[in-house]
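Trainee: To be precise about what I am sending: the file is called input-v5.cif and holds mmCIF, C-alpha atoms and all ligand atoms.
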data_target
loop_
_atom_site.label_atom_id
_atom_site.label_comp_id
_atom_site.auth_asym_id
_atom_site.auth_seq_id
_atom_site.Cartn_x
_atom_site.Cartn_y
_atom_site.Cartn_z
CA MET A 1428 141.97 218.62 146.70
CA GLY A 1429 140.06 216.01 144.74
CA ILE A 1430 141.07 212.44 144.06
CA GLY A 1431 143.31 211.13 141.30
CA VAL A 1432 146.60 211.95 139.62
CA ILE A 1433 145.35 214.96 137.63
CA ASN A 1434 144.28 216.72 140.82
CA LYS A 1435 147.29 215.69 142.86
CA TYR A 1436 150.06 216.39 140.35
CA ARG A 1437 148.42 219.08 138.21
CA ALA A 1438 151.53 221.30 138.31
CA PHE A 1439 153.62 218.58 136.64
CA LEU A 1440 151.06 217.56 134.00
CA PRO A 1441 150.10 219.02 130.61
CA VAL A 1442 146.67 220.10 131.86
CA THR A 1443 144.98 223.46 131.31
CA GLU A 1444 141.85 225.14 132.64
CA ASP A 1445 139.99 223.39 129.85
CA THR A 1446 141.16 219.88 130.75
CA PRO A 1447 138.36 217.99 132.49
CA SER A 1448 139.28 216.88 135.97
CA LEU A 1449 138.56 213.20 135.54
CA SER A 1450 139.26 210.41 137.98
CA LEU A 1451 138.29 206.87 138.85
CA GLY A 1452 140.56 207.08 141.91
CA GLU A 1453 143.81 206.15 140.19
CA GLY A 1454 147.19 206.68 141.83
CA ASP A 1455 148.08 206.98 145.51
CA THR A 1456 148.98 203.29 145.52
CA PRO A 1457 150.72 201.71 148.52
CA LEU A 1458 154.48 201.44 148.83
CA VAL A 1459 154.79 198.40 151.08
CA LYS A 1460 157.99 197.47 152.89
CA SER A 1461 159.05 193.88 152.35
CA SER A 1462 158.41 191.73 155.39
CA ARG A 1463 160.50 188.66 154.53
CA LEU A 1464 162.06 188.56 151.06
CA GLY A 1465 164.19 191.66 151.57
CA GLN A 1466 165.90 190.11 154.60
CA GLU A 1467 166.36 186.79 152.84
CA LEU A 1468 167.85 188.47 149.76
CA GLY A 1469 170.28 190.64 151.71
CA CYS A 1470 168.33 193.73 150.77
CA PRO A 1471 166.51 194.76 153.95
CA ASP A 1472 165.41 198.16 152.65
CA LEU A 1473 163.14 196.70 149.95
CA TYR A 1474 159.73 198.10 148.99
CA PHE A 1475 157.00 197.05 146.61
CA LYS A 1476 154.94 199.66 144.73
CA LEU A 1477 151.52 198.06 144.41
CA GLU A 1478 150.17 199.28 141.10
CA GLY A 1479 147.58 196.51 141.09
CA CYS A 1480 145.69 198.74 143.56
CA ASN A 1481 144.68 201.11 140.76
CA PRO A 1482 140.98 201.14 139.73
CA THR A 1483 141.34 198.61 136.91
CA GLY A 1484 144.15 196.69 138.60
CA SER A 1485 147.21 198.03 136.78
CA PHE A 1486 149.44 201.11 136.41
CA LYS A 1487 147.84 201.91 133.06
CA ASP A 1488 145.13 203.96 134.77
CA ARG A 1489 147.59 206.75 135.65
CA GLY A 1490 148.30 207.45 132.01
CA MET A 1491 144.86 206.62 130.71
CA VAL A 1492 143.15 209.26 132.83
CA VAL A 1493 145.42 211.97 131.39
CA ALA A 1494 145.14 210.66 127.81
CA MET A 1495 141.36 210.50 128.14
CA ALA A 1496 141.05 213.97 129.69
CA LYS A 1497 143.15 215.45 126.86
CA ALA A 1498 141.10 213.54 124.28
CA LEU A 1499 137.91 215.05 125.72
CA GLU A 1500 139.49 218.50 125.83
CA GLN A 1501 140.35 218.14 122.14
CA GLY A 1502 136.82 217.04 121.23
CA SER A 1503 137.67 213.43 120.42
CA VAL A 1504 134.80 211.18 119.35
CA GLY A 1505 136.39 207.86 120.26
CA VAL A 1506 139.59 206.10 121.35
CA MET A 1507 141.53 203.08 120.16
CA CYS A 1508 144.39 201.01 121.53
CA ALA A 1509 146.22 197.76 120.93
CA SER A 1510 146.87 195.81 124.08
CA THR A 1511 148.13 192.69 125.78
CA GLY A 1512 145.15 193.28 128.10
CA ASN A 1513 145.74 195.92 130.75
CA THR A 1514 145.74 198.95 128.47
CA SER A 1515 142.47 197.73 126.93
CA ALA A 1516 140.90 197.22 130.38
CA SER A 1517 141.94 200.73 131.40
CA ALA A 1518 140.89 202.39 128.13
CA ALA A 1519 137.55 200.60 128.36
CA ALA A 1520 136.94 201.78 131.93
CA TYR A 1521 137.84 205.43 131.39
CA SER A 1522 135.93 205.65 128.12
CA ALA A 1523 132.86 204.21 129.84
CA HIS A 1524 133.31 206.85 132.54
CA CYS A 1525 133.51 209.60 129.89
CA ASN A 1526 130.91 208.19 127.52
CA LEU A 1527 133.35 207.86 124.60
CA PRO A 1528 133.39 204.70 122.47
CA ALA A 1529 136.55 202.58 122.89
CA PHE A 1530 137.91 200.18 120.27
CA VAL A 1531 140.49 197.73 121.55
CA LEU A 1532 142.68 195.50 119.39
CA ILE A 1533 143.90 192.44 121.22
CA PRO A 1534 146.00 189.53 120.03
CA LYS A 1535 143.68 186.58 119.62
CA GLY A 1536 144.05 183.96 122.34
CA GLU A 1537 146.86 185.80 124.12
CA VAL A 1538 145.04 187.97 126.66
CA ALA A 1539 144.51 186.82 130.25
CA LEU A 1540 140.90 186.07 131.13
CA GLY A 1541 140.47 188.77 133.79
CA LYS A 1542 141.56 191.49 131.38
CA LEU A 1543 139.23 190.30 128.65
CA ALA A 1544 136.38 190.17 131.18
CA GLN A 1545 137.09 193.79 132.14
CA ALA A 1546 137.06 195.09 128.56
CA MET A 1547 133.75 193.28 128.00
CA ALA A 1548 132.17 194.50 131.24
CA TYR A 1549 133.10 198.13 130.59
CA GLY A 1550 131.54 197.83 127.14
CA ALA A 1551 134.53 198.32 124.84
CA LYS A 1552 134.28 197.19 121.22
CA ILE A 1553 136.75 194.33 121.12
CA LEU A 1554 138.59 193.42 117.93
CA MET A 1555 140.50 190.15 118.19
CA VAL A 1556 143.42 190.40 115.81
CA GLU A 1557 144.96 187.33 114.23
CA GLY A 1558 148.47 188.32 115.16
CA ASN A 1559 150.54 189.34 118.15
CA PHE A 1560 150.63 192.65 120.05
CA ASP A 1561 153.16 194.23 117.69
CA VAL A 1562 150.89 193.55 114.72
CA ALA A 1563 147.88 194.93 116.62
CA LEU A 1564 149.76 198.12 117.54
CA LYS A 1565 150.81 198.66 113.96
CA LEU A 1566 147.17 198.38 112.88
CA ALA A 1567 145.97 200.74 115.64
CA ARG A 1568 148.57 203.31 114.56
CA ALA A 1569 147.62 202.99 110.90
CA PHE A 1570 143.91 203.28 111.67
CA THR A 1571 144.25 206.34 113.94
CA ASP A 1572 146.57 208.04 111.42
CA LYS A 1573 143.77 207.79 108.90
CA HIS A 1574 140.64 208.37 111.02
CA ALA A 1575 139.63 210.87 113.71
CA ILE A 1576 139.91 208.42 116.58
CA THR A 1577 142.44 209.06 119.37
CA LEU A 1578 145.19 206.50 119.88
CA VAL A 1579 145.64 205.85 123.63
CA ASN A 1580 148.62 203.53 123.54
CA SER A 1581 151.73 204.85 125.26
CA VAL A 1582 152.85 206.43 121.96
CA ASN A 1583 150.22 209.03 122.94
CA PRO A 1584 152.47 211.43 124.91
CA HIS A 1585 149.83 212.07 127.58
CA ARG A 1586 149.99 208.44 128.67
CA LEU A 1587 153.59 208.67 129.84
CA GLU A 1588 152.93 212.04 131.44
CA GLY A 1589 150.32 210.41 133.67
CA GLN A 1590 152.43 207.33 134.34
CA LYS A 1591 155.37 209.38 135.61
CA THR A 1592 153.28 210.23 138.70
CA ALA A 1593 154.15 206.81 140.11
CA ALA A 1594 157.76 207.98 140.46
CA PHE A 1595 156.55 211.13 142.23
CA GLU A 1596 154.64 209.01 144.73
CA VAL A 1597 157.66 206.82 145.43
CA VAL A 1598 159.73 209.92 146.24
CA ASP A 1599 156.90 211.51 148.25
CA ASP A 1600 156.60 208.32 150.34
CA LEU A 1601 160.31 207.65 150.87
CA GLY A 1602 161.34 211.29 151.28
CA ASP A 1603 163.87 210.80 148.46
CA ALA A 1604 164.35 208.65 145.38
CA PRO A 1605 165.44 205.03 145.95
CA ASP A 1606 168.90 203.83 144.93
CA TYR A 1607 167.45 201.23 142.57
CA LEU A 1608 164.12 200.82 140.78
CA PHE A 1609 163.31 197.36 139.42
CA ILE A 1610 160.58 197.28 136.78
CA PRO A 1611 159.18 194.94 134.10
CA VAL A 1612 159.65 196.06 130.49
CA GLY A 1613 157.23 195.30 127.66
CA ASN A 1614 156.42 198.12 125.30
CA ALA A 1615 158.95 200.10 127.39
CA GLY A 1616 156.65 203.02 128.18
CA ASN A 1617 156.62 202.60 131.93
CA ILE A 1618 160.39 202.57 132.46
CA THR A 1619 160.50 205.72 130.29
CA ALA A 1620 157.76 207.35 132.38
CA TYR A 1621 159.37 206.52 135.75
CA TRP A 1622 162.70 207.89 134.58
CA ARG A 1623 161.02 211.10 133.44
CA GLY A 1624 159.20 211.38 136.79
CA PHE A 1625 162.38 210.88 138.82
CA ARG A 1626 164.24 213.44 136.70
CA GLU A 1627 161.50 216.06 136.97
CA TYR A 1628 161.27 215.66 140.74
CA TYR A 1629 165.05 215.85 141.03
CA GLN A 1630 165.11 219.04 138.92
CA ALA A 1631 162.33 220.48 141.10
CA GLY A 1632 164.45 219.85 144.20
CA ARG A 1633 162.11 217.17 145.58
CA SER A 1634 164.86 214.52 145.67
CA THR A 1635 168.62 214.51 146.07
CA ILE A 1636 169.48 211.42 144.01
CA LEU A 1637 168.36 209.62 140.85
CA PRO A 1638 167.77 205.85 140.95
CA ARG A 1639 169.42 203.28 138.72
CA MET A 1640 166.71 202.00 136.40
CA MET A 1641 166.71 198.20 136.33
CA GLY A 1642 164.38 196.92 133.59
CA PHE A 1643 163.53 193.28 132.94
CA GLN A 1644 162.11 191.64 129.85
CA ALA A 1645 161.04 188.01 129.57
CA GLU A 1646 163.74 185.88 127.95
CA GLY A 1647 161.53 184.87 125.00
CA ALA A 1648 160.47 188.48 124.44
CA ALA A 1649 163.66 190.44 125.04
CA PRO A 1650 164.31 192.60 121.97
CA ILE A 1651 166.09 195.37 123.90
CA VAL A 1652 168.44 192.89 125.55
CA ARG A 1653 169.16 191.18 122.22
CA GLY A 1654 169.39 194.44 120.30
CA ALA A 1655 166.93 193.35 117.61
CA PRO A 1656 163.15 192.93 117.30
CA VAL A 1657 161.77 189.49 118.12
CA ALA A 1658 159.35 188.35 115.41
CA ASN A 1659 157.50 185.79 117.49
CA PRO A 1660 157.82 186.73 121.18
CA GLN A 1661 157.00 184.00 123.69
CA THR A 1662 156.57 184.09 127.46
CA ILE A 1663 154.12 182.99 130.10
CA ALA A 1664 153.93 186.65 131.16
CA SER A 1665 151.45 187.64 128.42
CA ALA A 1666 151.42 191.33 129.45
CA ILE A 1667 155.02 191.73 128.27
CA ARG A 1668 154.87 189.41 125.25
CA ILE A 1669 156.15 192.16 122.95
CA GLY A 1670 158.79 191.89 120.25
CA ASN A 1671 159.23 195.47 119.06
CA PRO A 1672 158.67 198.00 121.86
CA ALA A 1673 157.37 201.45 120.89
CA SER A 1674 159.51 203.23 123.52
CA TRP A 1675 162.66 201.21 122.82
CA GLN A 1676 164.98 204.20 122.41
CA SER A 1677 163.80 206.07 125.49
CA ALA A 1678 164.13 202.91 127.59
CA VAL A 1679 167.74 202.52 126.48
CA GLU A 1680 168.28 206.16 127.36
CA ALA A 1681 166.79 205.65 130.84
CA ARG A 1682 169.07 202.66 131.33
CA ASP A 1683 172.22 204.44 130.16
CA ARG A 1684 171.67 207.81 131.81
CA SER A 1685 170.78 206.22 135.14
CA GLY A 1686 173.63 203.70 135.15
CA GLY A 1687 171.11 200.88 135.16
CA VAL A 1688 170.53 197.71 133.17
CA ILE A 1689 167.93 196.10 130.94
CA ASP A 1690 168.22 192.36 131.28
CA ALA A 1691 166.11 189.26 130.72
CA VAL A 1692 164.57 186.75 133.13
CA SER A 1693 163.32 183.29 132.21
CA ASP A 1694 159.73 182.15 132.62
CA ASP A 1695 160.86 179.88 135.46
CA GLU A 1696 162.45 182.85 137.22
CA ILE A 1697 159.29 184.90 136.70
CA LEU A 1698 157.10 182.12 138.10
CA GLU A 1699 159.36 181.62 141.11
CA ALA A 1700 159.20 185.33 141.93
CA TYR A 1701 155.42 185.32 141.32
CA ARG A 1702 154.95 182.53 143.86
CA LEU A 1703 157.33 183.99 146.44
CA LEU A 1704 155.74 187.41 146.24
CA ALA A 1705 152.36 185.93 147.08
CA SER A 1706 153.42 183.31 149.61
CA LYS A 1707 156.09 185.29 151.46
CA GLU A 1708 154.81 188.84 151.21
CA GLY A 1709 151.06 188.52 150.75
CA ILE A 1710 151.31 190.39 147.45
CA PHE A 1711 149.55 188.83 144.49
CA GLY A 1712 150.89 190.42 141.35
CA GLU A 1713 150.36 189.20 137.83
CA PRO A 1714 153.22 187.20 136.25
CA ALA A 1715 154.60 190.13 134.21
CA SER A 1716 154.74 192.16 137.43
CA ALA A 1717 156.94 189.57 139.06
CA ALA A 1718 159.65 190.18 136.43
CA SER A 1719 160.85 193.06 138.63
CA LEU A 1720 161.44 190.82 141.65
CA ALA A 1721 162.77 188.04 139.40
CA GLY A 1722 165.32 190.54 138.09
CA LEU A 1723 166.37 191.55 141.58
CA MET A 1724 166.79 187.88 142.55
CA LYS A 1725 168.83 187.20 139.41
CA LEU A 1726 171.22 190.09 140.01
CA ARG A 1727 171.57 189.11 143.68
CA ARG A 1728 172.60 185.62 142.58
CA GLN A 1729 175.15 187.23 140.28
CA GLY A 1730 176.58 189.11 143.26
CA LEU A 1731 174.99 192.57 143.17
CA ASP A 1732 175.37 193.99 146.68
CA LEU A 1733 172.18 195.68 147.82
CA ALA A 1734 172.98 195.93 151.54
CA GLY A 1735 172.38 199.50 152.66
CA LYS A 1736 170.63 200.34 149.39
CA ARG A 1737 167.05 201.46 149.19
CA VAL A 1738 165.31 199.38 146.54
CA VAL A 1739 161.83 199.57 145.00
CA CYS A 1740 160.24 196.82 142.90
CA VAL A 1741 157.25 197.92 140.85
CA ILE A 1742 154.42 195.38 140.93
CA THR A 1743 152.61 196.59 137.85
CA GLY A 1744 149.32 194.63 137.91
CA SER A 1745 147.07 192.45 140.04
CA GLY A 1746 147.38 188.67 140.14
CA LEU A 1747 143.61 188.42 139.79
CA LYS A 1748 144.01 189.41 136.15
CA ASP A 1749 145.21 185.93 135.30
CA PRO A 1750 143.31 183.44 137.45
CA ASP A 1751 143.99 180.51 135.10
CA LEU A 1752 147.72 180.80 135.54
CA ALA A 1753 147.41 181.16 139.31
CA VAL A 1754 145.42 177.96 139.58
CA SER A 1755 147.58 175.99 137.15
CA SER A 1756 150.98 177.14 138.34
CA ILE A 1757 150.68 177.25 142.10
CA ALA A 1758 150.68 173.82 143.69
CA ALA A 1759 148.05 174.55 146.30
CA HIS A 1760 146.17 171.73 147.93
CA ALA A 1761 142.49 171.88 148.68
CA ILE A 1762 141.48 169.03 150.93
CA GLU A 1763 137.93 167.74 150.88
CA VAL A 1764 136.40 167.24 154.31
CA LYS A 1765 133.09 165.96 155.64
CA ALA A 1766 130.91 168.70 157.15
CA THR A 1767 131.67 167.73 160.76
CA LEU A 1768 133.81 169.40 163.44
CA ALA A 1769 135.66 166.12 163.93
CA ALA A 1770 136.70 166.01 160.26
CA VAL A 1771 137.82 169.67 160.30
CA GLU A 1772 139.79 169.03 163.52
CA GLU A 1773 141.47 165.96 162.16
CA VAL A 1774 142.72 167.70 159.03
CA THR A 1775 143.58 171.07 160.62
CA LEU A 1776 145.37 169.74 163.69
CA GLY A 1777 147.17 167.22 161.49
CA MET A 1778 148.56 170.07 159.35
CA MET A 1779 149.60 172.10 162.40
CA GLY A 1780 151.90 169.19 163.20
N1 LIG A 1801 153.35 194.94 133.59
C1 LIG A 1801 152.08 194.82 133.20
C2 LIG A 1801 151.11 194.21 134.15
C3 LIG A 1801 151.68 195.27 131.92
O1 LIG A 1801 150.42 195.15 131.54
C4 LIG A 1801 152.65 195.83 131.06
C5 LIG A 1801 152.28 196.29 129.72
C6 LIG A 1801 153.96 195.93 131.53
C7 LIG A 1801 154.27 195.48 132.79
C8 LIG A 1801 155.04 196.53 130.72
O2 LIG A 1801 154.94 197.92 130.68
O3 LIG A 1801 154.72 198.15 128.22
O4 LIG A 1801 155.18 200.12 129.68
O5 LIG A 1801 156.93 198.40 129.32
N2 LIG A 1801 151.14 196.14 129.20
C9 LIG A 1801 150.70 196.72 127.92
C10 LIG A 1801 149.23 196.47 127.69
C11 LIG A 1801 151.56 196.39 126.77
O6 LIG A 1801 148.79 196.41 126.53
O7 LIG A 1801 148.49 196.35 128.65
P1 LIG A 1801 155.48 198.70 129.39
#
Using structure tokens, write down the structure that the file contains.
Mentor:
Amino acid sequence: MGIGVINKYRAFLPVTEDTPSLSLGEGDTPLVKSSRLGQELGCPDLYFKLEGCNPTGSFKDRGMVVAMAKALEQGSVGVMCASTGNTSASAAAYSAHCNLPAFVLIPKGEVALGKLAQAMAYGAKILMVEGNFDVALKLARAFTDKHAITLVNSVNPHRLEGQKTAAFEVVDDLGDAPDYLFIPVGNAGNITAYWRGFREYYQAGRSTILPRMMGFQAEGAAPIVRGAPVANPQTIASAIRIGNPASWQSAVEARDRSGGVIDAVSDDEILEAYRLLASKEGIFGEPASAASLAGLMKLRRQGLDLAGKRVVCVITGSGLKDPDLAVSSIAAHAIEVKATLAAVEEVTLGMMG
């Protein structure tokens, strides 16, 4: 068996003999048991699904590999996406791998530096749009409706097919589905994909339960929670700065059918979870990723009892994507020392107490 989600989960994916078996090594990401936060939060059976371990540092690679393989199968001559950064990084990488041109539309000034660096390095054609993600997505849809370029946003059905493999992995690792799945919500594709994955595995007899889907938007970008599009979404978590999610309806369905919730967390709650995840677990996720843990912490404060429940938080992308925010928001101290053993001893032993 080769590497990657197409090889591993072929039977569950829309692939044929003619679909190229592409991979950059996506999927098979670690499900890490919480070492400290689970105990402290009264949720000892807590796991983190580390999607930052994918080849371009986010979960997008799972769907992109399938979308790209299908595009090649169909003779596509190029791909386009709108993105808050991770989709563009992933599309750029896979199109470089397949020698297809990639055009990425990103909201000007709103994409984290690491993601922009990736799209540039992989050689995508980058169009900076004067507008937010929702405007960029509308333009990408209009362009690809008119021209023979494949849209690889999650409105491309192959994207969600690939992304559902993360749910398969969670079940394969735990031996069953968890009781709860906490996940950030932006364009709402990933919560839709996980729910589909859990349902398909359940129907195939691979699990005996279905999890409650617990989705979290940022407070300033929470259209699903408010029940109306947000014209000018604002949050520090730029990956989920989205005011009119493409998969809105299917996310609501996942919530309602699973007995879950879609709620909002504030930027302060996101940043607190972001810091705790790194400093107490050794897991450096990007701010949007921390919305899952922030949501769990919020519901715990409101009295949700998770004792005896198996809980998974999806950490959707790597913290290295957004180095500026890490440096500016984490109060770390770097102490200057003279280049002598005595100076190093003085400082180090002083800090050991
Ligand atoms: N977490 C990260 C790190 C993301 O990049 C995204 C979405 C989400 C969560 C939300 O997932 O959109 O499926 O609900 N990023 C998209 C992008 C919008 O363009 O990279 P969703």
Trainee: Could you name the residues that touch range 1675-1691 of chain A at 6 Å or less, counting all atoms listed in the file, but leaving out those on the same chain fewer than 5 positions away, as an mmCIF file with C-alpha atoms, in the frame of the given file?
Mentor:
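Written file, around_26.cif:
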data_model
loop_
_atom_site.group_PDB
_atom_site.id
_atom_site.type_symbol
_atom_site.label_atom_id
_atom_site.label_comp_id
_atom_site.auth_asym_id
_atom_site.auth_seq_id
_atom_site.Cartn_x
_atom_site.Cartn_y
_atom_site.Cartn_z
ATOM 1 C CA ALA A 1615 158.950 200.100 127.390
ATOM 2 C CA THR A 1619 160.500 205.720 130.290
ATOM 3 C CA TRP A 1622 162.700 207.890 134.580
ATOM 4 C CA ARG A 1639 169.420 203.280 138.720
ATOM 5 C CA MET A 1640 166.710 202.000 136.400
ATOM 6 C CA MET A 1641 166.710 198.200 136.330
ATOM 7 C CA GLY A 1642 164.380 196.920 133.590
ATOM 8 C CA PHE A 1643 163.530 193.280 132.940
ATOM 9 C CA GLN A 1644 162.110 191.640 129.850
ATOM 10 C CA ALA A 1645 161.040 188.010 129.570
ATOM 11 C CA GLU A 1646 163.740 185.880 127.950
ATOM 12 C CA VAL A 1652 168.440 192.890 125.550
#
Trainee: Which residue gives the smallest distance to Val1692 in chain A among A:Val1738, A:Ala1658, A:Leu1752, A:Ile1610, with all atoms listed in the file counted?
Mentor: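 Answer, going by the shortest atom-to-atom distance: A:Ile1610.
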Trainee: Could you report the residues within 6 Å of ligand LIG 1801 (chain A), using all atoms listed in the file, as a list of chain:residue names?
Mentor: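 Written in the requested form, the residues are A:Ser1510, A:Thr1511, A:Gly1512, A:Asn1513, A:Thr1514, A:Pro1611, A:Val1612, A:Gly1613, A:Asn1614, A:Ala1615, A:Gly1616, A:Asn1617, A:Ala1666, A:Ile1667, A:Ala1715, A:Ser1716, A:Thr1743, A:Gly1744.
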Trainee: Grab the residues selected above and save them as a PDB file, in the coordinates of the input with C-alpha atoms.
Mentor:
ATOM      1  CA  SER A1510     146.870 195.810 124.080  1.00  0.00           C
ATOM      2  CA  THR A1511     148.130 192.690 125.780  1.00  0.00           C
ATOM      3  CA  GLY A1512     145.150 193.280 128.100  1.00  0.00           C
ATOM      4  CA  ASN A1513     145.740 195.920 130.750  1.00  0.00           C
ATOM      5  CA  THR A1514     145.740 198.950 128.470  1.00  0.00           C
ATOM      6  CA  PRO A1611     159.180 194.940 134.100  1.00  0.00           C
ATOM      7  CA  VAL A1612     159.650 196.060 130.490  1.00  0.00           C
ATOM      8  CA  GLY A1613     157.230 195.300 127.660  1.00  0.00           C
ATOM      9  CA  ASN A1614     156.420 198.120 125.300  1.00  0.00           C
ATOM     10  CA  ALA A1615     158.950 200.100 127.390  1.00  0.00           C
ATOM     11  CA  GLY A1616     156.650 203.020 128.180  1.00  0.00           C
ATOM     12  CA  ASN A1617     156.620 202.600 131.930  1.00  0.00           C
ATOM     13  CA  ALA A1666     151.420 191.330 129.450  1.00  0.00           C
ATOM     14  CA  ILE A1667     155.020 191.730 128.270  1.00  0.00           C
ATOM     15  CA  ALA A1715     154.600 190.130 134.210  1.00  0.00           C
ATOM     16  CA  SER A1716     154.740 192.160 137.430  1.00  0.00           C
ATOM     17  CA  THR A1743     152.610 196.590 137.850  1.00  0.00           C
ATOM     18  CA  GLY A1744     149.320 194.630 137.910  1.00  0.00           C
TER      19      GLY A1744
END
Trainee: Tell me, in Å to one decimal, how far CA of Ser1665 in chain A is from CA of Lys1497 in chain A.
Mentor: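 We find that CA of Ser1665 in chain A and CA of Lys1497 in chain A lie 29.1 Å from each other.
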Trainee: Adding 5 Å on each side of the box along x, y and z that holds all listed atoms of range 1678-1687 of chain A, could you give its centre and edge lengths in Å to one decimal, as lines of an AutoDock Vina configuration file?
Mentor:
center_x = 168.9
center_y = 204.3
center_z = 130.8
size_x = 19.5
size_y = 16.9
size_z = 18.7
Trainee: I'd like a table as JSON lines: residues in range 1638-1745 of chain A with an atom no more than 8 Å from range 1462-1482 of chain A, each row giving the shortest atom pair and its distance in Å to one decimal, only C-alpha atoms counted, sorted by chain and rising residue number.
Mentor:
{"residue": "A:Lys1707", "atom": "CA", "partner": "A:Arg1463", "partner_atom": "CA", "distance": 6.3}
{"residue": "A:Glu1708", "atom": "CA", "partner": "A:Ser1462", "partner_atom": "CA", "distance": 6.2}
{"residue": "A:Gly1712", "atom": "CA", "partner": "A:Gly1479", "partner_atom": "CA", "distance": 6.9}
{"residue": "A:Met1724", "atom": "CA", "partner": "A:Leu1468", "partner_atom": "CA", "distance": 7.3}
{"residue": "A:Arg1727", "atom": "CA", "partner": "A:Leu1468", "partner_atom": "CA", "distance": 7.2}
{"residue": "A:Asp1732", "atom": "CA", "partner": "A:Gly1469", "partner_atom": "CA", "distance": 7.9}
{"residue": "A:Leu1733", "atom": "CA", "partner": "A:Cys1470", "partner_atom": "CA", "distance": 5.2}
{"residue": "A:Ala1734", "atom": "CA", "partner": "A:Cys1470", "partner_atom": "CA", "distance": 5.2}
{"residue": "A:Gly1735", "atom": "CA", "partner": "A:Asp1472", "partner_atom": "CA", "distance": 7.1}
{"residue": "A:Lys1736", "atom": "CA", "partner": "A:Asp1472", "partner_atom": "CA", "distance": 6.5}
{"residue": "A:Arg1737", "atom": "CA", "partner": "A:Asp1472", "partner_atom": "CA", "distance": 5.1}
{"residue": "A:Val1738", "atom": "CA", "partner": "A:Leu1473", "partner_atom": "CA", "distance": 4.8}
{"residue": "A:Val1739", "atom": "CA", "partner": "A:Tyr1474", "partner_atom": "CA", "distance": 4.7}
{"residue": "A:Cys1740", "atom": "CA", "partner": "A:Phe1475", "partner_atom": "CA", "distance": 4.9}
{"residue": "A:Val1741", "atom": "CA", "partner": "A:Lys1476", "partner_atom": "CA", "distance": 4.8}
{"residue": "A:Ile1742", "atom": "CA", "partner": "A:Leu1477", "partner_atom": "CA", "distance": 5.3}
{"residue": "A:Thr1743", "atom": "CA", "partner": "A:Glu1478", "partner_atom": "CA", "distance": 4.9}
{"residue": "A:Gly1744", "atom": "CA", "partner": "A:Gly1479", "partner_atom": "CA", "distance": 4.1}
{"residue": "A:Ser1745", "atom": "CA", "partner": "A:Gly1479", "partner_atom": "CA", "distance": 4.2}
Trainee: Considering only C-alpha atoms, state which residue in the set A:Val1538, A:Val1506, A:Ala1544, A:Ala1529 is at the smallest distance from Arg1568 in chain A.
Mentor: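 That would be A:Val1506, the residue with the smallest distance to Arg1568 in chain A.
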Trainee: Name all residues at most 9 Å from range 1596-1604 of chain A (count only C-alpha atoms; drop same-chain ones fewer than 4 positions away) and give them as a PDB file with C-alpha atoms, in the frame of the given file.
Mentor:
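And here is the file that came out, around_4.pdb:
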ATOM      1  CA  GLY A1454     147.190 206.680 141.830  1.00  0.00           C
ATOM      2  CA  ASP A1455     148.080 206.980 145.510  1.00  0.00           C
ATOM      3  CA  THR A1456     148.980 203.290 145.520  1.00  0.00           C
ATOM      4  CA  LEU A1458     154.480 201.440 148.830  1.00  0.00           C
ATOM      5  CA  LYS A1476     154.940 199.660 144.730  1.00  0.00           C
ATOM      6  CA  THR A1592     153.280 210.230 138.700  1.00  0.00           C
ATOM      7  CA  PHE A1625     162.380 210.880 138.820  1.00  0.00           C
ATOM      8  CA  TYR A1628     161.270 215.660 140.740  1.00  0.00           C
ATOM      9  CA  TYR A1629     165.050 215.850 141.030  1.00  0.00           C
ATOM     10  CA  ARG A1633     162.110 217.170 145.580  1.00  0.00           C
ATOM     11  CA  SER A1634     164.860 214.520 145.670  1.00  0.00           C
ATOM     12  CA  THR A1635     168.620 214.510 146.070  1.00  0.00           C
ATOM     13  CA  ILE A1636     169.480 211.420 144.010  1.00  0.00           C
ATOM     14  CA  LEU A1637     168.360 209.620 140.850  1.00  0.00           C
ATOM     15  CA  PRO A1638     167.770 205.850 140.950  1.00  0.00           C
ATOM     16  CA  ARG A1737     167.050 201.460 149.190  1.00  0.00           C
ATOM     17  CA  VAL A1739     161.830 199.570 145.000  1.00  0.00           C
TER      18      VAL A1739
END
Trainee: Could you tell me how far CA of Gln1590 in chain A sits from CA of Thr1571 in chain A, in Å to one decimal place?
Mentor: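 Separation between CA of Thr1571 in chain A and CA of Gln1590 in chain A: 22.0 Å.
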Trainee: If you measure from CA of Ala1717 in chain A to CA of Gly1484 in chain A, what distance in Å do you get, rounded to one decimal?
Mentor: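 Straight-line distance from CA of Ala1717 in chain A to CA of Gly1484 in chain A works out to 14.6 Å.
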Trainee: Need to verify the contact set: range 1429-1441 of chain A, 6 Å, only C-alpha atoms, exclusion of same-chain residues closer than 6 positions in sequence. Can you return it as a list in words?
Mentor: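 Near neighbours after the sequence-gap exclusion: Ser1450, Gly1452, Glu1453 and Gly1454 of chain A.
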Trainee: Looking at all atoms listed in the file, which of A:Ala1664, A:Ile1533, A:Val1657, A:Val1504 is the one that sits closest to Ala1753 in chain A?
Mentor: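 The shortest atom-to-atom distance to Ala1753 in chain A comes from A:Ala1664.
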Trainee: His1574 in chain A: which residues within 12 Å, counting all atoms listed in the file, same-chain residues fewer than 2 positions away excluded, as a list in words?
Mentor: Ser1503, Val1504, Gly1505, Val1506, Met1507, Ala1567, Arg1568, Ala1569, Phe1570, Thr1571, Asp1572, Ile1576, Thr1577 and Leu1578 of chain A
Trainee: Between A:Ile1669, A:Ala1593, A:Ala1496, A:Cys1508, which is the closest to Asn1559 in chain A once you count all atoms listed in the file?
Mentor: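 Smallest separation from Asn1559 in chain A among the options: A:Ile1669.
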